[in-house]
Every structure is written in C-alpha cells, then in structure tokens.
Amino acid sequence: MARYPEITAIIKQRIDNGVYPDKLPSLQQLALEFQVNINTIQRVMSELKKISYVYSINGVGNFAAVNRQHTSRKIVSLYMNNFIAINNSRLINFIGALQQGLLAHDLKLQLIMNDDLPDPATCQAVLIHAWSIRGKNLQKLQEHIMPEKIYFIDRFVRNEQLFAIDNAAAGQMAIDYLYSLGHRNIAVLAYSLVPEISFYERACGAARAAEKYPDLNWKIHDFGNTEDTKNRSLREQHFHEIIFQKSRPDAVFVLTDKLALHFIQYCRSNNISVPDDISVIGYDNEMMLQFFEPALTTFEEPYKQLAAELVKRVLRPIRRPGEALQVFLKPTLIERSSVKKLN
C-alpha cells in the first residue's frame, strides 16, 4: 500500500508525462488503484494544488494544470487569419498582453494563420478571432478539440464561449452621451454591417439607445463595406449627403476614428465647424487623433483586461458551474473637444 507522498510523486510524474492531459481519474478510481482510502487521495490532491499541478471544479472533478515539461509544453492556439491585413495596433497590444499572461503560467501562444489543426495532446485552448475560421473548417476544429477548449474573441456568436469588447454598449453610450448634451438630430456613420462582427454590434447598440428617445431624430448611414470607405469619391459622396441634407445632424457617431477623421476633414473643407456646427464621436482611440484640432472624442477598448480575463479562463479548460459562458468588457468613453454641449 502506497503512502500519500509516493502517490503524490506518481501523479505529478503522470501529469508531467502527459498521462493526464486534462481530467484526472475520480477520487474513487485513484483510491482503488493505490489501495488507500479516499481521505488519502484528497490529501494528495491538496498537495498537488499547492504546487499548481492540479485544480478542481466543484461537481465536475480534478484537472491537470499546466504541463511543467517544456518539451511537451501546453499551447494556446490563436486563429487570426486576417491579422496581417488588419495591421491593428490594438490587436498587437492584445496579443502581447495575452502572450505575457500565458508565459507567466508556462503556456505558449501559437498564432495560426491558416486552417491547420492544433495537436490535441498539447492543446490547452483554442482562440478564434472574428471570422478567422468558419464553416467546414470550424466544424473540423470542433470535432478535433474538446468544444470546452474553444473560445471566440470579438465574434458575437450565441451559445458559444465568447470573450469580447461590448461594442453594443459603446453604441448605446454614444447616443446617450450626445442626447444628454442636448443633441436631438444624430447620424450614425456605419459600414460593414454584417451580423456577428463588432461594427454591426456598435450600430445595433446605437439603434437600441435611439429608440428610448421619442424626440430624437436619428439615422444610420451605411457606407457599404470596408473597401468602400477607402474609396475617397464614394466616401465623400456619403459625407455630402449627410451634411448638406435639409435637416443636417447636429452630431454624428462614427464607427471608427479613421472614418471620423475623414469626416472632420471634409467638414472643414466645406466651412463646417466641428464641434460648433456638428459634434463628432469616433471609436478606437487612435492615439494620434488626440493631437488634432479638434481632439477627437472616442472610445478606448480594454484589450489588456480582456487578455487577462482570457488567461484566467484558459488555465481551467472546463467552466465552473454557474460561470459565465460569455464575458463582455465595456469600452471607456474618452471625452475631448470634438463634441459640444448644446443649450
């Protein structure tokens, strides 16, 4: 009959060697194997938790934590097929914060920019950014890896594990903020309004907020897809329709800072003052725009906090009973001089 220090060493070695990559056998099974009572196995689990080899979830069981052997290091795979095309500084900061958080727990971050499938033996978790993997490829992934290990990031799907910035809340906050300052004629400058993505969520949030105010005149102007916003003539055609209509908006909420900057420049070229004639709110907090005149009021996303919350979750691939399926973090409104309070 083995004593608890011997059992502790054996189970620790099994975790290191990948014998228990995820869930450990039940206390009853281990007690039977080592011919000891359950109290001894509970003491073993307590020792393993102290050295971060095991964590437990009430009502579910005990699970192996991070593998301590670098040769078989656990990996968090991040699908980001559109990363190069995006070239987004906020996403780069998010990935950096995520990598630092994972390294602190001896987890390796792996970027996947194609449809390769991760190795189940070393896979701690799979993160899917936006539409990086979909359709049959997503189905293959879900059949290849435990669904509990798969998390979506900023792709607003229902009934799936999701970590995201609450873009809908930003849309609501923008309209509420403008309304509180006396604006009653508000336009939303939107594009790429495809369900399950952040732009769509921002526009929907703005629409829900606008419905609360019977005296508010508002409209969503759809600029088309992302490529259309890069076409200057198409872009300025929309701007012209907005600022030269019979009842010009006294404020606009623009779904990105870059499009907001183009709008402000177009207003300036047509002798329309921001914010005296029209107030502008953007989204993204592109840092250079705080130095423009007027400095742009905008939203900042808490990507570092999002990375920290993700790290906490992927350390435990199985959710605890009652733990949220979807986690949303609200962006912060950064007030600057591009919005004017009306009388």
# chains A, B, ... in the order shown; residues from 1 in each chain; ligands from 1
>>> residues_around(residues="A:Ile128", least_positions_apart="3", cutoff="7 Å", atoms="only C-alpha atoms", output="list in words")
Leu78, Tyr79, Met80, Ser132, Ile133, Tyr151, Phe152 and Ile153 of chain A
>>> write_last_selection(atoms="N, CA, C and O atoms", output="short mmCIF file (atom, residue, chain, number, x, y, z; two decimals), in the first residue's frame")
data_model
loop_
_atom_site.label_atom_id
_atom_site.label_comp_id
_atom_site.auth_asym_id
_atom_site.auth_seq_id
_atom_site.Cartn_x
_atom_site.Cartn_y
_atom_site.Cartn_z
N LEU A 78 -4.07 30.56 -31.36
CA LEU A 78 -4.89 31.72 -31.70
C LEU A 78 -5.05 31.78 -33.22
O LEU A 78 -4.08 31.99 -33.94
N TYR A 79 -6.27 31.56 -33.70
CA TYR A 79 -6.57 31.68 -35.12
C TYR A 79 -6.79 33.15 -35.46
O TYR A 79 -7.71 33.79 -34.94
N MET A 80 -5.96 33.69 -36.33
CA MET A 80 -6.07 35.08 -36.73
C MET A 80 -5.62 35.19 -38.17
O MET A 80 -4.58 35.77 -38.48
N SER A 132 -11.82 34.25 -38.41
CA SER A 132 -10.59 33.62 -38.86
C SER A 132 -10.78 32.17 -39.28
O SER A 132 -10.01 31.65 -40.08
N ILE A 133 -11.76 31.49 -38.73
CA ILE A 133 -12.06 30.13 -39.16
C ILE A 133 -13.58 29.96 -39.11
O ILE A 133 -14.22 30.42 -38.18
N TYR A 151 -12.69 29.09 -27.67
CA TYR A 151 -13.22 30.40 -27.28
C TYR A 151 -13.22 31.33 -28.49
O TYR A 151 -12.23 31.39 -29.23
N PHE A 152 -14.30 32.07 -28.68
CA PHE A 152 -14.37 33.10 -29.71
C PHE A 152 -13.99 34.45 -29.11
O PHE A 152 -14.30 34.74 -27.95
N ILE A 153 -13.30 35.27 -29.91
CA ILE A 153 -12.91 36.62 -29.50
C ILE A 153 -13.50 37.61 -30.50
O ILE A 153 -13.20 37.54 -31.70
#
>>> select_by_dssp(residues="stretch 252-293 of chain A", states="strand (DSSP E)", output="PyMOL selection string")
chain A and resi 252-254+279-281
>>> residues_around(residues="stretch 160-176 of chain A", least_positions_apart="6", cutoff="8 Å", atoms="only C-alpha atoms", output="NGL selection string")
:A and (148 or 150-154 or 186 or 198-199 or 201-210 or 253 or 281 or 299 or 301-303 or 306 or 310 or 325-331 or 333)
>>> residues_around(residues="A:Ile7", least_positions_apart="3", cutoff="9 Å", atoms="only C-alpha atoms", output="list in words")
Ala2, Arg3, Tyr4, Ile10, Ile11, Lys12, Phe34, Ile41 and Val44 of chain A
>>> write_last_selection(atoms="C-alpha atoms", output="mmCIF file, in the first residue's frame")
data_model
loop_
_atom_site.group_PDB
_atom_site.id
_atom_site.type_symbol
_atom_site.label_atom_id
_atom_site.label_comp_id
_atom_site.auth_asym_id
_atom_site.auth_seq_id
_atom_site.Cartn_x
_atom_site.Cartn_y
_atom_site.Cartn_z
ATOM 1 C CA ALA A 2 1.494 3.335 -1.125
ATOM 2 C CA ARG A 3 1.678 6.307 1.230
ATOM 3 C CA TYR A 4 0.437 9.734 0.183
ATOM 4 C CA ILE A 10 3.433 9.305 -9.090
ATOM 5 C CA ILE A 11 0.511 11.521 -10.101
ATOM 6 C CA LYS A 12 2.841 14.506 -10.503
ATOM 7 C CA PHE A 34 -3.460 2.710 -4.971
ATOM 8 C CA ILE A 41 -6.310 10.744 -2.191
ATOM 9 C CA VAL A 44 -2.712 14.042 -2.373
#
>>> closest_residue(among="A:Leu178, A:Ser56, A:Arg14, A:Asn88", to="A:Ser26", atoms="only C-alpha atoms")
A:Ser56
>>> residues_around(residues="stretch 312-317 of chain A", least_positions_apart="4", cutoff="9 Å", atoms="only C-alpha atoms", output="ChimeraX atom specification")
/A:22,55-57,63-66,76,101-102,105,107,124-126,148-151,307-308
>>> atom_distance(atom1="atom CA of A:Pro21", atom2="atom CA of A:Lys50")
18.7 Å
>>> closest_residue(among="A:Leu189, A:Gly224, A:Tyr179, A:Val311", to="A:Asp106", atoms="only C-alpha atoms")
A:Val311
>>> residues_around(residues="A:Leu117", least_positions_apart="5", cutoff="10 Å", atoms="only C-alpha atoms", output="PDB file with C-alpha atoms, in the first residue's frame")
ATOM      1  CA  SER A  77      -3.594  28.391 -30.383  1.00  0.00           C
ATOM      2  CA  TYR A  79      -6.568  31.679 -35.125  1.00  0.00           C
ATOM      3  CA  ILE A 112      -2.328  30.080 -36.710  1.00  0.00           C
ATOM      4  CA  VAL A 126      -8.083  27.441 -28.955  1.00  0.00           C
ATOM      5  CA  ASN A 137     -13.076  24.200 -41.146  1.00  0.00           C
ATOM      6  CA  LEU A 138     -14.698  25.328 -37.889  1.00  0.00           C
ATOM      7  CA  LYS A 140     -13.456  20.075 -38.214  1.00  0.00           C
ATOM      8  CA  LEU A 141     -11.825  22.014 -35.392  1.00  0.00           C
ATOM      9  CA  GLN A 142     -14.781  21.397 -33.076  1.00  0.00           C
ATOM     10  CA  HIS A 144     -10.801  17.662 -33.316  1.00  0.00           C
ATOM     11  CA  ILE A 145     -10.613  19.586 -29.998  1.00  0.00           C
TER      12      ILE A 145
END
>>> closest_residue(among="A:Asn81, A:Gln29, A:Thr297, A:Ser247", to="A:His129", atoms="only C-alpha atoms")
A:Asn81
